[in-house]
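> Below: one structure in structure tokens.
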Amino acid sequence: MAKKWMKIGFLFLVVAIASFAVWSYVVTNVEQPSYQKLSSEDSVEMRAYPDLVVAEVSVKGKRTDAIKKGFRLLADYIFGNNKANVKIAMTAPVIQEGRESSLDEWMVRFVMPSNYRLEDLPQVNNERVRLKIMPGKTYAAITFSGRGSDANLRKHHQKLTEFMRTQNLPLESKIIYAFYNPPWTLPFLRRNEIWMEVDKR
């Protein structure tokens, strides 16, 4: 009898995980910025991005704390706390970039849906949120799964650095983290990226 219930419990767990995986995919299947893939090698792509319209906020603190706080501030804006009380569709990824002038200050950005020009966006209520154009650039981007932990980011930053070195690309370029999934997504289903700027178009 105990074995029967164990089998039922196991089947229930499998179904629950599968359902959760499908649900996570559906809720994260949102618009992503378009880019031109110039080349690829293993998990690294060379990408040319156009100008991107973004909402951004500067947050101080540890990286993991900063992205949570930045996310809440930006989500508040797109969920309707703006001058027009208009909701804006969520997109992916959430972008995080360190400030050159500070080790504990981070820029967190949402890319706005492609149907918005900068002048079309509703004005902000919270002055911490800034609307701007992120200039188009070419990046070397590495894609990987797992949690967005500092250890996982360091591991793949090293791999991307090695790629940059073999391609004789500049190693002093800015590092941008890009996270595509909400925090409840199972680690093996997550998509994380690190972008390193190749040029300054």
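Letters A, B, ... go to the chains of the structure tokens in the order shown; residues in each chain start at 1; ligands are counted from 1 in the same order.
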Which neighbours of region 60-72 of chain A fall inside 8 Å, counting only C-alpha atoms, when residues of the same chain fewer than 6 positions from it are skipped, and could you give them as a list in words?
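Contacts, with the query itself left out: Val94, Gln96, Asp104, Glu105, Trp106, Met107, Val108, Arg109 and Ser149 of chain A.
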> May I have the residues within 9 Å of Leu52 (chain A) as a CSV table (one decimal) with N, CA and C atoms, in the first residue's frame, using only C-alpha atoms and disregarding those fewer than 2 positions away in the same chain?

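The new file out.csv reads:
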chain,number,residue,atom,x,y,z
A,33,PRO,N,13.8,42.4,-27.2
A,33,PRO,CA,14.4,43.3,-28.2
A,33,PRO,C,15.0,42.5,-29.4
A,49,TYR,N,22.7,45.2,-31.8
A,49,TYR,CA,21.4,45.7,-31.3
A,49,TYR,C,21.1,47.1,-31.8
A,50,PRO,N,19.9,47.5,-32.2
A,50,PRO,CA,19.5,48.8,-32.5
A,50,PRO,C,19.4,49.7,-31.3
A,54,VAL,N,14.3,52.6,-23.2
A,54,VAL,CA,14.3,51.9,-21.9
A,54,VAL,C,13.8,52.9,-20.8
A,111,VAL,N,13.4,47.3,-21.0
A,111,VAL,CA,13.3,47.7,-22.4
A,111,VAL,C,11.8,47.9,-22.7
A,112,MET,N,11.4,49.0,-23.3
A,112,MET,CA,10.0,49.3,-23.6
A,112,MET,C,9.6,48.5,-24.8
A,114,SER,N,8.3,47.5,-28.5
A,114,SER,CA,8.8,48.1,-29.7
A,114,SER,C,7.8,49.1,-30.3
A,132,LYS,N,14.9,56.9,-21.5
A,132,LYS,CA,16.0,57.3,-22.3
A,132,LYS,C,16.1,56.3,-23.5
A,133,ILE,N,17.0,56.6,-24.4
A,133,ILE,CA,17.4,55.7,-25.5
A,133,ILE,C,18.7,55.1,-25.2
A,134,MET,N,18.8,53.8,-25.1
A,134,MET,CA,20.1,53.1,-25.0
A,134,MET,C,20.7,52.9,-26.4
A,135,PRO,N,21.8,53.6,-26.7
A,135,PRO,CA,22.3,53.6,-28.0
A,135,PRO,C,22.6,52.1,-28.5
A,136,GLY,N,22.4,51.9,-29.8
A,136,GLY,CA,22.7,50.6,-30.4
A,136,GLY,C,24.1,50.3,-30.4
> Hey, which bits of region 45-98 of chain A sit within 10 Å of region 185-195 of chain A, and for each residue what's the closest pair of atoms and how far apart in Å (one decimal), counting only C-alpha atoms, rows by chain and increasing number, as a tab-separated table?

residue	atom	partner	partner_atom	distance
A:Glu45	CA	A:Trp195	CA	9.5
A:Met46	CA	A:Trp195	CA	9.4
A:Arg47	CA	A:Trp195	CA	9.3
A:Pro93	CA	A:Asn192	CA	8.6
A:Val94	CA	A:Asn192	CA	9.8
A:Ile95	CA	A:Glu193	CA	9.5
A:Gln96	CA	A:Ile194	CA	9.7
A:Glu97	CA	A:Trp195	CA	9.8
> What does the distance between CA of Met164 (chain A) and CA of Gln32 (chain A) come to in Å, to one decimal place?
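Calculated distance between CA of Met164 (chain A) and CA of Gln32 (chain A) is 24.8 Å.
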> Excluding Ala48 (chain A) and residues on its chain fewer than 4 positions from it, collect all residues at most 8 Å away from it, counting only C-alpha atoms, and give them as a PyMOL selection string.
chain A and resi 35-38+136-139
> Quick one: pull the distance between CA of Phe144 (chain A) and CA of Asp199 (chain A), Å, one decimal.
23.0 Å
> Under the rule that only C-alpha atoms are counted, which of A:Val86, A:Val53, A:Ala151, A:Ile175 is the nearest residue to Asn115 (chain A)?
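Closest candidate: A:Val53.
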> Considering only strand (DSSP E or B) as DSSP defines it on the backbone, what residues of region 45-188 of chain A qualify? List them as an NGL selection string.
:A and (45-48 or 52-60 or 82 or 91 or 94-98 or 105-111 or 124 or 130-134 or 138-144 or 175-179)
> Suppose we keep C-alpha atoms; can you now write the selection as a tab-separated table (two decimals), in the first residue's frame?

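Output file out09.tsv is given in full below:
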chain	number	residue	atom	x	y	z
A	45	GLU	CA	26.80	35.11	-29.98
A	46	MET	CA	27.97	38.33	-31.57
A	47	ARG	CA	24.88	40.57	-31.73
A	48	ALA	CA	24.17	43.99	-33.21
A	52	LEU	CA	16.51	50.60	-27.45
A	53	VAL	CA	13.96	52.72	-25.60
A	54	VAL	CA	14.31	51.93	-21.90
A	55	ALA	CA	13.10	52.92	-18.47
A	56	GLU	CA	15.91	52.86	-15.94
A	57	VAL	CA	16.59	53.50	-12.29
A	58	SER	CA	19.82	53.82	-10.31
A	59	VAL	CA	19.98	51.71	-7.15
A	60	LYS	CA	22.73	51.44	-4.55
A	82	ASN	CA	2.61	57.24	-14.30
A	91	THR	CA	9.23	42.66	-21.76
A	94	VAL	CA	15.63	42.86	-17.18
A	95	ILE	CA	19.03	44.51	-17.67
A	96	GLN	CA	21.50	45.31	-14.92
A	97	GLU	CA	24.72	47.27	-15.35
A	98	GLY	CA	27.23	48.53	-12.81
A	105	GLU	CA	25.61	51.44	-7.64
A	106	TRP	CA	23.65	49.67	-10.36
A	107	MET	CA	21.50	50.71	-13.30
A	108	VAL	CA	18.44	48.49	-13.70
A	109	ARG	CA	16.53	48.77	-16.97
A	110	PHE	CA	13.33	47.57	-18.62
A	111	VAL	CA	13.29	47.69	-22.42
A	124	VAL	CA	6.88	59.33	-14.77
A	130	ARG	CA	14.27	57.88	-16.16
A	131	LEU	CA	13.19	57.34	-19.76
A	132	LYS	CA	15.96	57.30	-22.35
A	133	ILE	CA	17.38	55.73	-25.48
A	134	MET	CA	20.05	53.09	-24.96
A	138	THR	CA	27.43	45.32	-30.87
A	139	TYR	CA	27.85	42.88	-27.99
A	140	ALA	CA	29.40	39.50	-27.37
A	141	ALA	CA	26.68	37.67	-25.41
A	142	ILE	CA	26.93	34.38	-23.53
A	143	THR	CA	23.72	32.51	-22.63
A	144	PHE	CA	23.41	30.12	-19.68
A	175	ILE	CA	29.53	44.18	-18.44
A	176	ILE	CA	25.75	43.96	-18.73
A	177	TYR	CA	23.66	41.25	-17.06
A	178	ALA	CA	20.37	40.22	-18.69
A	179	PHE	CA	17.76	38.10	-16.91
> For CA of Asn85 (chain A) and CA of Pro122 (chain A), determine how far apart the two atoms are, in Å to one decimal place.
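A separation of 8.0 Å between them.
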> Using the chain letters and numbers from this document, which residues of region 91-168 of chain A does DSSP assign to alpha helix (DSSP H), as a VMD selection string?
chain A and resid 150 to 166
> Which neighbours of Thr161 (chain A) fall inside 12 Å, counting only C-alpha atoms, when residues of the same chain fewer than 6 positions from it are skipped, and could you give them as a ChimeraX atom specification?
/A:44,140-142,153-155,167-175,194-198
> Of the candidates A:Ala89, A:Ala75, A:Ala84, A:Leu118, which one gets nearest to Glu31 (chain A) if we count only C-alpha atoms?
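Smallest distance to Glu31 (chain A) is found for A:Ala89.
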